[in-house]
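Okay, structure first, notes after.
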Amino acid sequence: MGRQAGRMAIRQDRGEERAEERAEERAEERAAAAKVSFESYGGTGPENYERYFVPAIAGPLAGDLVEAAALRPGDRVLDLACGTGIVARLAAGRVGPTGTVTGLDINPGMLAVARAATPPGTVIGWHQAPADDSALPDDAFDVVVCQLGLQFFPDQAAALREMHRLLAPGARIVLNVPGPAPEPFLILAEELARHIRPELAPFVQQVFSLHDTRQLQELLAEAGFTGTTAEPASTTLALPPPAEFLWQYVHSTPLAAAAAGAGEAARAALERDIVTRWKPFTHDDRLMLELRVVTAAAWTA
């Protein structure tokens, strides 16, 4: 009886071990199936911007910008460099049916997604034009808002002069810009340059290139604005897991074309090194981004 019980216990232990091994194998298979890569994402840049970048970064910052703009029912609002329209949509909720909201962007793909993302019953005018030559009428708006866009304009001074022309007397412009670059994006720029193409680093750097409060105030004053302010504030954004955020960000930006042409080996090395270097910034499998954002405001006379 003792030997038989011992043999049964051994068989039970071995059975439990095999069950654990099969469970581990299934877990590994599920993890492999769920593993993201560059190829995991499709769609256009504007579609991915709305799908991934807006919920992760642009959406939270848009709420802060609209709050700072202090929009009121009846205001006529221009969302400059509107992208896929997150700020315009929030603004429409603030100004109500007696106000108007117009989104302006140079990118027709962004505007197409913005139109598609507009909720039923929300009226927003979408206008394709460069920031420094909008072809919109003088004194047409009470508020111009601009999120994460001014740093990309080829002629920032000309764009701000154009906004001054579009604003009515006593109206205001409120904008935000990020920077300096947080450490995860410095790492991203370095690894893109090393694994994909050196000329990609300046794109990431440009995102954070206009964050000096004095420079912002001078730009606004030179465009004719008065009462300029520029206030920095820090925020923490809980982004997706590192590999997911890497490829979602790449697919949401002009970086996608270069990554597509780099080859699988280069992309795998990029992901490996970035995910490794982003580990100190990861908590509960989320990439935690400490971001400084400057909100600037100014008025027409």
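Scheme for the structure tokens: letters A, B, ... for chains in order shown; per-chain residue numbers from 1; ligand numbers from 1 in order shown.
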I need the residues in range 123-228 of chain A that are strand (DSSP E) according to DSSP; give them as a PDB file with C-alpha atoms, in the first residue's frame.
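Wrote states-v4.pdb, looks like this:
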ATOM      1  CA  GLY A 125     -16.049  74.456 -40.286  1.00  0.00           C
ATOM      2  CA  TRP A 126     -12.883  72.862 -41.655  1.00  0.00           C
ATOM      3  CA  HIS A 127     -10.510  74.985 -43.702  1.00  0.00           C
ATOM      4  CA  GLN A 128      -7.359  73.893 -45.532  1.00  0.00           C
ATOM      5  CA  PHE A 141     -12.631  85.477 -34.484  1.00  0.00           C
ATOM      6  CA  ASP A 142     -12.742  86.171 -30.768  1.00  0.00           C
ATOM      7  CA  VAL A 143     -10.263  83.449 -29.819  1.00  0.00           C
ATOM      8  CA  VAL A 144      -7.496  81.586 -31.646  1.00  0.00           C
ATOM      9  CA  VAL A 145      -6.266  78.390 -30.013  1.00  0.00           C
ATOM     10  CA  CYS A 146      -3.256  76.414 -31.209  1.00  0.00           C
ATOM     11  CA  GLN A 147      -2.142  73.117 -29.707  1.00  0.00           C
ATOM     12  CA  LEU A 167      -8.744  88.363 -34.450  1.00  0.00           C
ATOM     13  CA  ALA A 168     -11.212  91.092 -33.576  1.00  0.00           C
ATOM     14  CA  PRO A 169     -10.117  94.012 -31.359  1.00  0.00           C
ATOM     15  CA  GLY A 170      -9.764  92.895 -27.745  1.00  0.00           C
ATOM     16  CA  ALA A 171      -9.606  89.238 -28.765  1.00  0.00           C
ATOM     17  CA  ARG A 172      -6.989  86.712 -27.682  1.00  0.00           C
ATOM     18  CA  ILE A 173      -4.732  83.895 -28.791  1.00  0.00           C
ATOM     19  CA  VAL A 174      -3.976  80.974 -26.462  1.00  0.00           C
ATOM     20  CA  LEU A 175      -1.480  78.290 -27.444  1.00  0.00           C
ATOM     21  CA  ASN A 176       0.612  75.532 -25.937  1.00  0.00           C
ATOM     22  CA  VAL A 177       4.010  74.083 -26.811  1.00  0.00           C
ATOM     23  CA  PRO A 178       5.948  71.259 -25.125  1.00  0.00           C
ATOM     24  CA  THR A 226      -0.170  92.889 -26.095  1.00  0.00           C
ATOM     25  CA  GLY A 227      -0.374  91.561 -22.538  1.00  0.00           C
ATOM     26  CA  THR A 228       1.628  88.464 -23.414  1.00  0.00           C
TER      27      THR A 228
END
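Minimum atom-to-atom distance to Val294 in chain A, evaluated using only C-alpha atoms, belongs to A:His211 out of A:His211, A:Arg272, A:Arg89, A:His251.
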*With distances taken over only C-alpha atoms, which of A:Leu237, A:Val77, A:Leu186, A:Leu220 is nearest to Asp139 in chain A?*
A:Val77
*Measuring atom to atom with only C-alpha atoms, identify which of A:Phe281, A:Gln156, A:Leu287, A:Ala296 is nearest to Asp212 in chain A.*
A:Ala296
*How far is it from CA of Phe203 in chain A to CA of Ala181 in chain A, in Å with one decimal?*
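Taking CA of Phe203 in chain A and CA of Ala181 in chain A, their separation equals 11.8 Å.
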_Exercise: Thr276 in chain A partners within 12 Å, only C-alpha atoms, chain neighbours under 3 positions left out, as a PyMOL selection string_ = chain A and resi 184+187-188+191+242-243+269-273+279-282+287
For range 210-255 of chain A versus range 41-51 of chain A, which residues have an atom no more than 9 Å away, and what is each residue's nearest atom pair and distance in Å rounded to one decimal, using only C-alpha atoms, chain-then-number order, as CSV?
residue,atom,partner,partner_atom,distance
A:Trp247,CA,A:Tyr41,CA,7.6
A:Gln248,CA,A:Asn48,CA,7.2
A:Tyr249,CA,A:Tyr49,CA,7.9
A:Val250,CA,A:Gly45,CA,8.8
A:His251,CA,A:Gly45,CA,5.9
A:Ser252,CA,A:Tyr49,CA,4.4
A:Thr253,CA,A:Gly45,CA,5.9
A:Pro254,CA,A:Gly45,CA,7.3
*Could you pull out the residues in range 79-198 of chain A that DSSP calls helix (DSSP H, G or I) from the backbone, as JSON, numbers by chain?*
{"A": [86, 87, 88, 89, 90, 91, 92, 93, 94, 95, 108, 109, 110, 111, 112, 113, 114, 115, 116, 117, 150, 151, 152, 156, 157, 158, 159, 160, 161, 162, 163, 164, 165, 166, 183, 184, 185, 186, 187, 188, 189, 190, 191, 192, 193, 194, 195, 198]}
Store the residues of this selection in a file with N, CA and C atoms, as a compact mmCIF listing (two decimals), in the first residue's frame.
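This went into out-v3.txt:
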# COMPACT_ATOMS: atom_id res chain seq x y z
N ILE A 86 -9.28 67.56 -32.19
CA ILE A 86 -9.66 67.34 -30.79
C ILE A 86 -9.95 68.66 -30.08
N VAL A 87 -9.13 69.69 -30.29
CA VAL A 87 -9.37 70.98 -29.64
C VAL A 87 -10.66 71.61 -30.18
N ALA A 88 -10.86 71.54 -31.48
CA ALA A 88 -12.07 72.11 -32.08
C ALA A 88 -13.32 71.45 -31.52
N ARG A 89 -13.29 70.14 -31.34
CA ARG A 89 -14.47 69.45 -30.81
C ARG A 89 -14.77 69.88 -29.37
N LEU A 90 -13.72 70.00 -28.57
CA LEU A 90 -13.93 70.46 -27.20
C LEU A 90 -14.42 71.91 -27.18
N ALA A 91 -13.86 72.72 -28.06
CA ALA A 91 -14.28 74.12 -28.12
C ALA A 91 -15.74 74.25 -28.52
N ALA A 92 -16.19 73.41 -29.42
CA ALA A 92 -17.58 73.47 -29.86
C ALA A 92 -18.53 73.22 -28.70
N GLY A 93 -18.14 72.35 -27.79
CA GLY A 93 -18.97 72.12 -26.62
C GLY A 93 -19.04 73.31 -25.68
N ARG A 94 -17.99 74.14 -25.69
CA ARG A 94 -17.97 75.30 -24.81
C ARG A 94 -18.73 76.50 -25.39
N VAL A 95 -18.61 76.74 -26.68
CA VAL A 95 -19.21 77.95 -27.25
C VAL A 95 -20.69 77.76 -27.58
N PRO A 108 -4.54 67.94 -45.78
CA PRO A 108 -5.90 67.49 -46.12
C PRO A 108 -6.25 66.16 -45.48
N GLY A 109 -5.27 65.29 -45.24
CA GLY A 109 -5.55 64.03 -44.58
C GLY A 109 -6.02 64.22 -43.15
N MET A 110 -5.39 65.15 -42.44
CA MET A 110 -5.82 65.45 -41.08
C MET A 110 -7.25 65.98 -41.08
N LEU A 111 -7.56 66.86 -42.01
CA LEU A 111 -8.90 67.44 -42.07
C LEU A 111 -9.96 66.40 -42.42
N ALA A 112 -9.60 65.44 -43.27
CA ALA A 112 -10.56 64.38 -43.60
C ALA A 112 -10.91 63.57 -42.37
N VAL A 113 -9.91 63.24 -41.55
CA VAL A 113 -10.18 62.50 -40.31
C VAL A 113 -10.96 63.37 -39.34
N ALA A 114 -10.64 64.67 -39.28
CA ALA A 114 -11.36 65.59 -38.40
C ALA A 114 -12.84 65.63 -38.75
N ARG A 115 -13.14 65.69 -40.03
CA ARG A 115 -14.55 65.70 -40.45
C ARG A 115 -15.24 64.41 -40.01
N ALA A 116 -14.57 63.28 -40.23
CA ALA A 116 -15.17 61.99 -39.89
C ALA A 116 -15.35 61.82 -38.38
N ALA A 117 -14.48 62.47 -37.58
CA ALA A 117 -14.54 62.32 -36.13
C ALA A 117 -15.50 63.31 -35.47
N LEU A 150 2.74 75.57 -33.16
CA LEU A 150 3.53 76.74 -33.55
C LEU A 150 4.96 76.38 -33.90
N GLN A 151 5.55 75.42 -33.21
CA GLN A 151 6.95 75.08 -33.45
C GLN A 151 7.20 74.49 -34.83
N PHE A 152 6.14 74.02 -35.50
CA PHE A 152 6.31 73.40 -36.81
C PHE A 152 6.15 74.39 -37.97
N GLN A 156 7.15 81.31 -38.18
CA GLN A 156 6.30 81.49 -36.99
C GLN A 156 5.82 82.93 -36.86
N ALA A 157 6.68 83.88 -37.17
CA ALA A 157 6.30 85.29 -37.05
C ALA A 157 5.16 85.62 -38.01
N ALA A 158 5.26 85.13 -39.25
CA ALA A 158 4.21 85.40 -40.23
C ALA A 158 2.89 84.75 -39.82
N ALA A 159 2.96 83.55 -39.26
CA ALA A 159 1.74 82.88 -38.81
C ALA A 159 1.07 83.65 -37.69
N LEU A 160 1.85 84.18 -36.76
CA LEU A 160 1.26 84.95 -35.67
C LEU A 160 0.70 86.28 -36.16
N ARG A 161 1.36 86.91 -37.12
CA ARG A 161 0.79 88.14 -37.70
C ARG A 161 -0.54 87.86 -38.38
N GLU A 162 -0.63 86.71 -39.05
CA GLU A 162 -1.89 86.32 -39.69
C GLU A 162 -2.97 86.11 -38.65
N MET A 163 -2.63 85.49 -37.54
CA MET A 163 -3.62 85.29 -36.48
C MET A 163 -4.06 86.63 -35.89
N HIS A 164 -3.14 87.55 -35.76
CA HIS A 164 -3.49 88.89 -35.27
C HIS A 164 -4.49 89.55 -36.21
N ARG A 165 -4.30 89.38 -37.50
CA ARG A 165 -5.22 89.95 -38.49
C ARG A 165 -6.61 89.34 -38.37
N LEU A 166 -6.67 88.06 -38.08
CA LEU A 166 -7.95 87.37 -38.03
C LEU A 166 -8.75 87.66 -36.77
N GLU A 183 13.27 62.91 -21.27
CA GLU A 183 14.29 61.88 -21.51
C GLU A 183 13.82 60.78 -22.45
N PRO A 184 12.59 60.23 -22.33
CA PRO A 184 12.20 59.18 -23.28
C PRO A 184 12.25 59.63 -24.74
N PHE A 185 11.97 60.91 -25.01
CA PHE A 185 12.02 61.37 -26.40
C PHE A 185 13.45 61.66 -26.85
N LEU A 186 14.32 62.03 -25.93
CA LEU A 186 15.74 62.14 -26.27
C LEU A 186 16.28 60.76 -26.66
N ILE A 187 15.88 59.74 -25.91
CA ILE A 187 16.28 58.37 -26.24
C ILE A 187 15.73 57.98 -27.60
N LEU A 188 14.46 58.30 -27.86
CA LEU A 188 13.85 57.98 -29.15
C LEU A 188 14.62 58.63 -30.29
N ALA A 189 14.99 59.89 -30.15
CA ALA A 189 15.73 60.58 -31.20
C ALA A 189 17.08 59.92 -31.45
N GLU A 190 17.79 59.57 -30.37
CA GLU A 190 19.10 58.94 -30.51
C GLU A 190 19.01 57.59 -31.22
N GLU A 191 18.04 56.78 -30.82
CA GLU A 191 17.93 55.44 -31.40
C GLU A 191 17.40 55.47 -32.83
N LEU A 192 16.51 56.40 -33.14
CA LEU A 192 16.08 56.55 -34.53
C LEU A 192 17.26 56.91 -35.43
N ALA A 193 18.10 57.82 -34.95
CA ALA A 193 19.27 58.22 -35.73
C ALA A 193 20.24 57.06 -35.90
N ARG A 194 20.37 56.24 -34.88
CA ARG A 194 21.34 55.14 -34.92
C ARG A 194 20.85 53.97 -35.76
N HIS A 195 19.57 53.64 -35.65
CA HIS A 195 19.07 52.42 -36.29
C HIS A 195 18.34 52.65 -37.61
N PRO A 198 19.90 59.05 -39.63
CA PRO A 198 20.33 60.16 -38.78
C PRO A 198 19.44 61.39 -38.89
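Closest approach to Met288 in chain A from the set A:Pro182, A:Glu199, A:Leu136, A:Phe225 is made by A:Pro182, with distances taken over only C-alpha atoms.
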*Choose the residue, out of A:Leu239, A:Ile196, A:Leu219, A:Leu78, that has the smallest atom-to-atom separation from Phe53 in chain A; count only C-alpha atoms.*
A:Leu239
*Pick the closest to Pro55 in chain A from A:Leu291, A:Leu255, A:Ala238, A:Ala266: which is it, counting only C-alpha atoms?*
A:Ala238
